[in-house]
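The structure file structure_18.txt is reproduced below (compact mmCIF, C-alpha atoms).
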```txt
# COMPACT_ATOMS: atom_id res chain seq x y z
CA MET A 165 68.78 83.27 100.41
CA MET A 166 72.27 84.75 100.22
CA LYS A 167 75.21 82.48 99.45
CA PHE A 168 78.04 83.12 101.90
CA GLY A 169 81.59 83.04 100.66
CA LEU A 170 85.15 84.34 100.63
CA LEU A 171 87.28 86.54 98.37
CA THR A 172 90.44 84.51 97.81
CA ALA A 173 92.89 87.44 97.55
CA ILE A 174 93.79 87.17 101.26
CA LEU A 175 95.10 83.64 100.60
CA ASP A 176 98.05 84.77 98.51
CA GLY A 177 100.65 82.00 98.62
CA TRP A 178 98.07 79.21 98.87
CA SER A 179 97.35 77.17 95.73
CA PHE A 180 93.86 77.13 94.24
CA GLU A 181 93.45 73.57 95.48
CA GLU A 182 94.39 74.65 99.01
CA VAL A 183 92.01 77.62 98.83
CA VAL A 184 89.13 75.35 97.80
CA ASP A 185 89.89 72.95 100.65
CA ILE A 186 90.05 75.78 103.21
CA ALA A 187 86.76 77.28 102.04
CA SER A 188 85.02 73.92 102.05
CA GLN A 189 86.30 73.00 105.51
CA MET A 190 85.16 76.35 106.91
CA GLY A 191 81.65 75.86 105.55
CA PHE A 192 81.56 78.51 102.82
CA LYS A 193 79.27 78.08 99.83
CA CYS A 194 81.07 80.22 97.26
CA LEU A 195 84.38 81.82 96.30
CA GLU A 196 85.14 85.11 94.59
CA VAL A 197 88.36 84.02 92.93
CA ALA A 198 91.27 86.43 92.42
CA CYS A 199 92.28 86.36 88.75
CA TRP A 200 95.09 88.81 88.10
CA PRO A 201 97.44 87.94 85.20
CA ALA A 202 99.34 84.78 86.09
CA GLY A 203 102.77 85.32 87.58
CA LYS A 204 102.33 89.02 88.28
CA ALA A 205 101.45 89.18 91.98
CA GLU A 206 103.23 92.42 92.80
CA ARG A 207 101.24 93.80 95.73
CA ARG A 208 99.17 92.48 98.59
CA TYR A 209 95.40 92.08 98.07
CA ALA A 210 95.94 92.63 94.35
CA GLY A 211 97.97 90.73 91.83
CA VAL A 212 96.87 87.38 93.27
CA SER A 213 96.08 84.72 90.67
CA HIS A 214 94.21 81.61 91.79
CA ILE A 215 92.74 80.91 88.34
CA ASP A 216 94.65 81.57 85.11
CA CYS A 217 91.98 83.13 82.89
CA GLU A 218 94.08 83.08 79.75
CA ARG A 219 94.56 79.35 80.23
CA VAL A 220 90.84 78.84 80.90
CA CYS A 221 90.06 80.45 77.55
CA GLN A 222 92.55 78.24 75.69
CA ASP A 223 92.54 74.93 77.57
CA ASP A 224 89.25 73.03 77.89
CA SER A 225 90.74 70.43 80.22
CA TYR A 226 91.93 73.13 82.65
CA ALA A 227 88.52 74.81 82.58
CA ASP A 228 86.85 71.46 83.30
CA TYR A 229 89.28 70.83 86.14
CA VAL A 230 88.42 74.15 87.79
CA LYS A 231 84.70 73.44 87.55
CA LYS A 232 84.96 69.88 88.82
CA LEU A 233 87.26 70.78 91.72
CA THR A 234 84.95 73.45 93.12
CA SER A 235 81.76 71.45 92.64
CA SER A 236 83.32 68.36 94.23
CA LYS A 237 83.82 70.40 97.42
CA GLY A 238 80.26 71.75 97.43
CA LEU A 239 81.36 75.22 96.28
CA GLU A 240 80.47 77.53 93.45
CA ILE A 241 82.49 80.40 92.07
CA SER A 242 80.59 83.61 92.74
CA SER A 243 82.76 85.73 90.48
CA LEU A 244 86.13 86.03 88.82
CA ALA A 245 87.83 89.05 90.42
CA PHE A 246 90.22 91.47 88.75
CA TYR A 247 90.47 95.03 90.06
CA PRO A 248 92.70 97.13 87.78
CA ASN A 249 92.66 100.73 86.58
CA THR A 250 91.19 100.50 83.08
CA MET A 251 91.48 104.29 82.75
CA ASP A 252 95.14 104.55 83.73
CA PRO A 253 96.89 107.62 82.24
CA ASP A 254 99.69 105.29 81.15
CA LEU A 255 98.27 103.99 77.88
CA GLU A 256 100.31 100.79 77.97
CA LYS A 257 99.04 99.93 81.47
CA ARG A 258 95.51 100.88 80.44
CA GLU A 259 95.54 98.59 77.43
CA ALA A 260 97.00 95.70 79.45
CA ALA A 261 94.27 96.13 82.09
CA ILE A 262 91.48 96.23 79.51
CA SER A 263 92.89 93.25 77.63
CA HIS A 264 93.08 91.09 80.73
CA LEU A 265 89.64 92.21 81.94
CA LYS A 266 88.22 91.00 78.64
CA ALA A 267 89.99 87.68 79.14
CA VAL A 268 88.43 87.43 82.60
CA ILE A 269 84.98 88.08 81.10
CA ARG A 270 85.50 85.33 78.52
CA ALA A 271 86.80 82.93 81.16
CA SER A 272 83.84 83.66 83.41
CA ALA A 273 81.50 82.69 80.60
CA LYS A 274 83.43 79.53 79.80
CA LEU A 275 83.38 78.43 83.44
CA GLY A 276 79.65 79.13 83.71
CA VAL A 277 80.28 81.70 86.45
CA ASN A 278 78.85 84.58 84.42
CA MET A 279 80.02 87.25 86.88
CA VAL A 280 83.11 89.46 86.96
CA THR A 281 83.94 91.82 89.82
CA THR A 282 86.18 94.77 89.02
CA PHE A 283 86.79 98.54 89.09
CA ILE A 284 85.96 101.20 86.51
CA GLY A 285 89.28 102.93 87.06
CA LYS A 286 90.10 106.62 86.87
CA ASP A 287 92.71 109.05 85.67
CA GLN A 288 93.17 111.08 88.85
CA HIS A 289 95.01 113.77 86.91
CA LYS A 290 91.88 114.58 84.90
CA THR A 291 88.76 116.41 86.06
CA PHE A 292 85.60 114.53 86.95
CA GLU A 293 84.00 115.62 83.67
CA GLU A 294 87.02 114.40 81.69
CA ASN A 295 86.84 111.05 83.45
CA ILE A 296 83.17 110.73 82.50
CA GLU A 297 84.16 111.23 78.87
CA LEU A 298 86.95 108.67 79.25
CA PHE A 299 84.37 106.22 80.61
CA ARG A 300 82.21 106.89 77.53
CA GLN A 301 85.16 105.98 75.32
CA ILE A 302 86.35 102.84 77.13
CA TRP A 303 83.48 101.07 78.85
CA PRO A 304 80.72 100.57 76.24
CA ASP A 305 82.99 98.10 74.42
CA ILE A 306 83.73 96.19 77.65
CA ILE A 307 80.06 95.89 78.57
CA ALA A 308 79.17 94.95 74.99
CA LEU A 309 81.54 92.00 75.30
CA ALA A 310 79.98 91.08 78.65
CA GLU A 311 76.51 91.14 77.07
CA GLN A 312 77.74 88.99 74.19
CA CYS A 313 79.18 86.47 76.68
CA GLY A 314 76.18 86.57 79.04
CA VAL A 315 78.35 87.88 81.88
CA LYS A 316 77.41 90.47 84.50
CA VAL A 317 80.06 93.02 85.44
CA ALA A 318 79.85 94.18 89.07
CA ILE A 319 81.86 97.28 89.98
CA GLU A 320 83.13 97.59 93.54
CA ASN A 321 82.48 101.04 95.03
CA CYS A 322 85.98 101.50 96.47
CA PRO A 323 87.48 104.92 95.65
CA MET A 324 90.74 103.06 94.97
CA GLY A 325 92.68 105.71 96.85
CA GLY A 326 95.69 103.66 97.85
CA THR A 327 98.02 100.85 97.01
CA TRP A 328 99.86 98.15 98.89
CA GLN A 329 103.59 98.66 98.38
CA LYS A 330 106.26 96.17 99.26
CA ASN A 331 109.10 97.03 101.60
CA THR A 332 111.91 95.40 99.65
CA CYS A 333 114.11 95.11 102.75
CA ASN A 334 112.01 92.14 103.86
CA ILE A 335 112.49 88.67 102.47
CA GLY A 336 110.23 85.64 102.46
CA PHE A 337 106.69 85.30 103.81
CA ASN A 338 106.13 88.40 105.88
CA PRO A 339 102.75 90.07 105.28
CA ARG A 340 103.79 93.05 107.37
CA ALA A 341 106.40 93.79 104.73
CA TRP A 342 103.52 95.33 102.79
CA ASP A 343 102.46 98.84 103.66
CA MET A 344 99.19 100.38 102.52
CA MET A 345 99.70 103.98 101.45
CA PHE A 346 97.35 106.61 100.13
CA ASP A 347 100.17 108.43 98.39
CA ALA A 348 100.39 111.31 95.96
CA ASP A 349 99.91 108.97 93.00
CA GLN A 350 96.41 108.02 94.15
CA TRP A 351 95.21 110.82 96.40
CA PRO A 352 93.14 112.96 96.35
CA GLY A 353 90.43 111.48 94.21
CA GLY A 354 91.55 107.88 93.97
CA GLN A 355 91.63 105.61 90.93
CA ASN A 356 88.07 104.30 90.72
CA LEU A 357 85.39 106.62 89.38
CA MET A 358 82.39 104.58 90.53
CA CYS A 359 82.28 105.21 94.28
CA THR A 360 79.17 107.26 95.17
CA PRO A 361 75.42 107.00 94.41
CA LYS A 362 75.48 110.20 92.36
CA ILE A 363 78.15 108.74 90.10
CA TYR A 364 76.40 105.35 89.87
CA ARG A 365 73.36 107.13 88.43
CA GLN A 366 75.44 108.99 85.84
CA LEU A 367 77.29 105.87 84.68
CA PHE A 368 74.16 103.72 84.60
CA GLU A 369 72.51 106.40 82.46
CA ILE A 370 75.44 106.28 80.02
CA ILE A 371 75.42 102.45 79.96
CA PRO A 372 71.92 101.27 80.95
CA SER A 373 72.81 97.63 80.30
CA PRO A 374 71.32 95.02 82.67
CA ASN A 375 74.79 93.42 82.67
CA PHE A 376 76.36 96.46 84.37
CA GLY A 377 75.97 96.79 88.14
CA LEU A 378 77.55 96.92 91.59
CA ASN A 379 79.71 94.77 93.81
CA PHE A 380 78.60 96.60 96.94
CA ASP A 381 80.95 97.05 99.93
CA PRO A 382 79.61 99.10 102.88
CA SER A 383 83.04 99.74 104.40
CA HIS A 384 83.90 102.34 101.76
CA TYR A 385 80.84 104.33 102.78
CA VAL A 386 81.88 104.63 106.44
CA TRP A 387 84.82 106.96 105.92
CA GLN A 388 83.12 108.84 103.07
CA GLY A 389 80.07 109.64 105.20
CA LEU A 390 77.64 107.90 102.83
CA ASP A 391 74.49 105.88 103.62
CA TYR A 392 74.99 102.23 102.69
CA VAL A 393 71.49 101.16 103.75
CA LYS A 394 69.78 103.75 101.54
CA THR A 395 71.94 102.66 98.60
CA ILE A 396 70.70 99.07 98.96
CA TYR A 397 67.11 100.24 98.53
CA ASP A 398 67.90 102.79 95.83
CA PHE A 399 69.96 100.41 93.68
CA SER A 400 68.33 97.08 94.53
CA ASP A 401 68.24 95.99 90.88
CA ARG A 402 71.91 96.85 90.36
CA ILE A 403 73.45 94.98 93.28
CA PHE A 404 74.97 91.88 91.65
CA HIS A 405 77.51 90.90 94.33
CA VAL A 406 78.33 91.94 97.92
CA HIS A 407 81.51 92.33 99.98
CA PHE A 408 81.61 91.93 103.75
CA LYS A 409 84.44 94.16 104.95
CA ASP A 410 84.57 96.59 107.86
CA ILE A 411 86.22 99.96 108.54
CA LYS A 412 87.12 101.51 111.88
CA LEU A 413 87.21 105.28 112.18
CA TYR A 414 89.41 106.97 114.78
CA PRO A 415 87.59 110.20 115.77
CA GLU A 416 90.56 111.55 117.71
CA LYS A 417 92.76 111.21 114.62
CA LEU A 418 90.09 112.67 112.33
CA ALA A 419 89.84 115.66 114.66
CA GLU A 420 93.54 116.29 114.12
CA CYS A 421 93.87 115.79 110.37
CA GLY A 422 90.41 116.25 108.82
CA VAL A 423 88.75 114.41 105.93
CA LEU A 424 91.18 115.75 103.31
CA ALA A 425 94.08 113.86 104.87
CA TYR A 426 95.18 110.48 103.56
CA PRO A 427 92.30 108.20 104.68
CA LEU A 428 94.58 105.81 106.55
CA ASP A 429 95.53 108.72 108.80
CA TYR A 430 92.11 108.38 110.44
CA MET A 431 90.67 104.96 109.58
CA SER A 432 91.68 101.33 109.19
CA PRO A 433 90.18 98.31 107.36
CA LYS A 434 88.98 95.67 109.84
CA ILE A 435 87.38 92.25 109.75
CA PRO A 436 83.56 92.32 110.07
CA GLY A 437 82.44 93.09 113.61
CA LEU A 438 85.58 95.01 114.62
CA GLY A 439 84.73 98.21 112.78
CA ASP A 440 81.87 100.68 112.44
CA VAL A 441 79.58 99.02 109.87
CA ASN A 442 76.14 98.24 111.32
CA TRP A 443 75.93 94.69 110.04
CA SER A 444 72.45 94.07 111.40
CA ALA A 445 71.08 97.02 109.43
CA PHE A 446 73.11 96.14 106.32
CA VAL A 447 72.03 92.49 106.13
CA SER A 448 68.45 93.40 107.06
CA ALA A 449 68.29 95.77 104.08
CA LEU A 450 69.67 93.07 101.78
CA ASN A 451 66.95 90.74 103.05
CA ASP A 452 64.34 93.44 102.46
CA ILE A 453 65.23 93.65 98.76
CA ARG A 454 65.26 89.83 98.56
CA TYR A 455 68.93 89.75 97.62
CA ASN A 456 69.78 86.11 96.93
CA GLY A 457 73.18 86.49 95.31
CA CYS A 458 76.63 85.91 96.73
CA ALA A 459 78.08 87.83 99.67
CA VAL A 460 81.76 87.26 100.41
CA ILE A 461 84.15 88.16 103.19
CA GLU A 462 87.00 90.45 102.12
CA VAL A 463 89.86 90.52 104.63
CA GLU A 464 92.26 93.48 104.66
CA ASP A 465 92.92 93.72 108.40
CA LYS A 466 96.65 94.12 109.10
CA ALA A 467 96.11 93.12 112.74
CA PHE A 468 95.71 89.55 111.48
CA GLU A 469 98.75 89.22 109.25
CA GLY A 470 101.51 88.03 111.56
CA SER A 471 101.43 84.52 110.12
CA ARG A 472 99.45 82.18 107.93
CA GLU A 473 97.52 81.00 110.97
CA ASP A 474 96.61 84.62 111.80
CA ILE A 475 95.18 85.00 108.31
CA LEU A 476 93.15 81.81 108.65
CA ASN A 477 91.92 82.98 112.06
CA SER A 478 90.78 86.29 110.55
CA ILE A 479 88.61 84.34 108.12
CA ARG A 480 87.25 82.06 110.86
CA LEU A 481 86.41 85.01 113.13
CA SER A 482 84.75 86.91 110.29
CA LYS A 483 82.59 83.94 109.39
CA ARG A 484 81.68 83.22 113.02
CA TYR A 485 80.52 86.80 113.47
CA LEU A 486 78.55 87.02 110.23
CA ASP A 487 76.90 83.63 110.76
CA ASN A 488 74.77 85.45 113.35
CA PHE A 489 73.11 87.39 110.54
CA LEU A 490 73.15 84.91 107.67
CA ILE A 491 72.17 81.52 109.12
```

Could you spell out this file's structure in structure tokens?
Amino acid sequence: MMKFGLLTAILDGWSFEEVVDIASQMGFKCLEVACWPAGKAERRYAGVSHIDCERVCQDDSYADYVKKLTSSKGLEISSLAFYPNTMDPDLEKREAAISHLKAVIRASAKLGVNMVTTFIGKDQHKTFEENIELFRQIWPDIIALAEQCGVKVAIENCPMGGTWQKNTCNIGFNPRAWDMMFDADQWPGGQNLMCTPKIYRQLFEIIPSPNFGLNFDPSHYVWQGLDYVKTIYDFSDRIFHVHFKDIKLYPEKLAECGVLAYPLDYMSPKIPGLGDVNWSAFVSALNDIRYNGCAVIEVEDKAFEGSREDILNSIRLSKRYLDNFLI
């Protein structure tokens, strides 16, 4: 039976203790905990740090506190989440991303979570073939560490085509001060190599490790025209973790700009049930393969960001909708 949970990134500004209380009160069973480097929350939905992984690795009492707090509220941590670009063309940024990802892997082992959710990354200025070679250079060492630590690494299939940038004219808590942009630095091609079944097969062939798999999110398939149900059957042994997020396509906008436009010109992330994912078919396929791992809500719906209460309502509504399929 799937364990139903929440990705904590949407609760930027809440403490870890507050996040645990919210999840427990709402009836969730697990948390995918955002674990960016402490003190470096620079953009919405990324940069959030609810657990300090460096501190976990160095401070036994802090690690014990994290474990006891979650278990005392009837929760487990599904994964430690860090979604950087480990293949960034800027070598300093690349090394920082790899270094922190390794810290997250070690922390996951120490906490007994044994799962890390992340991106492969991509240098969008290189060809596909060059990126494959870059993957060969960078990722065997990362997965070797994961194997040594007994940690599974689950790659989300987001093309990583955009970033949330802050409008610096706004001050204080104002989620709408953040604008999501698929700009020239990320598009076309995006910053995450692992985003289609064809590429999964190539990367799994290069690194056939049982510790290397998918954090599967159907929303990214909607606007790419891919079949998320078929992928569940085809990669049943590689699905380690699941995201519940939706996407709404706007056909009238797509008819004007075409698929080569910036994706947000013709689609928008939505909470589950308000987009175009067929959740009945998706969950049914997960049941067919006997998936019994964690499946967490990921909220990136700007229609629910007017206030803290709007954000909490987006989580409540998402859970209420998905309870129809999971309970």

### Task
Counting only C-alpha atoms, figure out which residue out of A:Ser235, A:Asn375, A:Asn456, A:Asn295 gets nearest to Met165 (chain A).
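Distance minimum relative to Met165 (chain A) lands on A:Asn456.
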
### Task
Return the single residue from A:Lys394, A:Lys286, A:Lys274, A:Lys231 that is closest to Trp303 (chain A), with distances computed using all atoms listed in the file.
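Under the stated criterion, the closest residue is A:Lys286.
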
### Message
Residues within 12 Å of Gln366 (chain A), please, as a PyMOL selection string. Count all atoms listed in the file; anything in the same chain fewer than 2 positions from it doesn't count.
### Response
chain A and resi 292-293+295-297+299-300+357-364+368-372

#### Entry: Straight-line distance linking CA of Leu255 (chain A) with CA of Ile306 (chain A), stated in Å to one decimal
16.5 Å

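Between CA of Glu181 (chain A) and CA of Leu239 (chain A) lies a distance of 12.2 Å.
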
### Query
For Gly377 (chain A), which residue out of A:Ile269, A:Val280, A:Met431, A:Val460 is the nearest one, using all atoms listed in the file?
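The answer is A:Val280, which sits nearest to Gly377 (chain A).
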
### Query
So how far away is CA of Trp200 (chain A) from CA of Met251 (chain A), in Å?
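Value for the CA of Met251 (chain A)-CA of Trp200 (chain A) distance: 16.8 Å.
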
Which residues are near Met166 (chain A)? Cut-off 9 Å, only C-alpha atoms, ignore same chain within fewer than 6 positions. Put them as a tab-separated table (two decimals) with C-alpha atoms, keeping the file's coordinate frame.
```tsv
chain	number	residue	atom	x	y	z
A	450	LEU	CA	69.67	93.07	101.78
A	451	ASN	CA	66.95	90.74	103.05
A	454	ARG	CA	65.26	89.83	98.56
A	455	TYR	CA	68.93	89.75	97.62
A	456	ASN	CA	69.78	86.11	96.93
A	457	GLY	CA	73.18	86.49	95.31
A	458	CYS	CA	76.63	85.91	96.73
A	459	ALA	CA	78.08	87.83	99.67
A	490	LEU	CA	73.15	84.91	107.67
```

### Task
Point out the residue among A:Ile302, A:Tyr414, A:Leu428, A:Thr291 with the least atom-to-atom distance to Glu259 (chain A), counting only C-alpha atoms.
A:Ile302

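If you count only C-alpha atoms and ignore residues fewer than 4 places along the chain from Met279 (chain A), what sits within 7 Å of it is Ser242, Ser243, Leu244, Ser272, Val315, Lys316 and Val317 of chain A.
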
### Task
Give the answer as one residue: which of A:Asn356, A:Asn477, A:Thr395, A:Ser373 has the shortest atom-to-atom distance to Pro323 (chain A), using only C-alpha atoms?
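For Pro323 (chain A), the nearest of the given residues is A:Asn356.
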
### Selection: 6 Å around Arg402 (chain A), all atoms listed in the file, excl. self and same-chain fewer than 2 positions, as a list in words
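What passes the distance filter is Gly377, Leu378, Phe399, Ser400 and Phe404 of chain A.
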
Please produce a file of the residues just selected, as a PDB file, keeping the file's coordinate frame, where the atoms kept are C-alpha atoms.
```
ATOM      1  CA  GLY A 377      75.970  96.790  88.140  1.00  0.00           C
ATOM      2  CA  LEU A 378      77.550  96.920  91.590  1.00  0.00           C
ATOM      3  CA  PHE A 399      69.960 100.410  93.680  1.00  0.00           C
ATOM      4  CA  SER A 400      68.330  97.080  94.530  1.00  0.00           C
ATOM      5  CA  PHE A 404      74.970  91.880  91.650  1.00  0.00           C
TER       6      PHE A 404
END
```
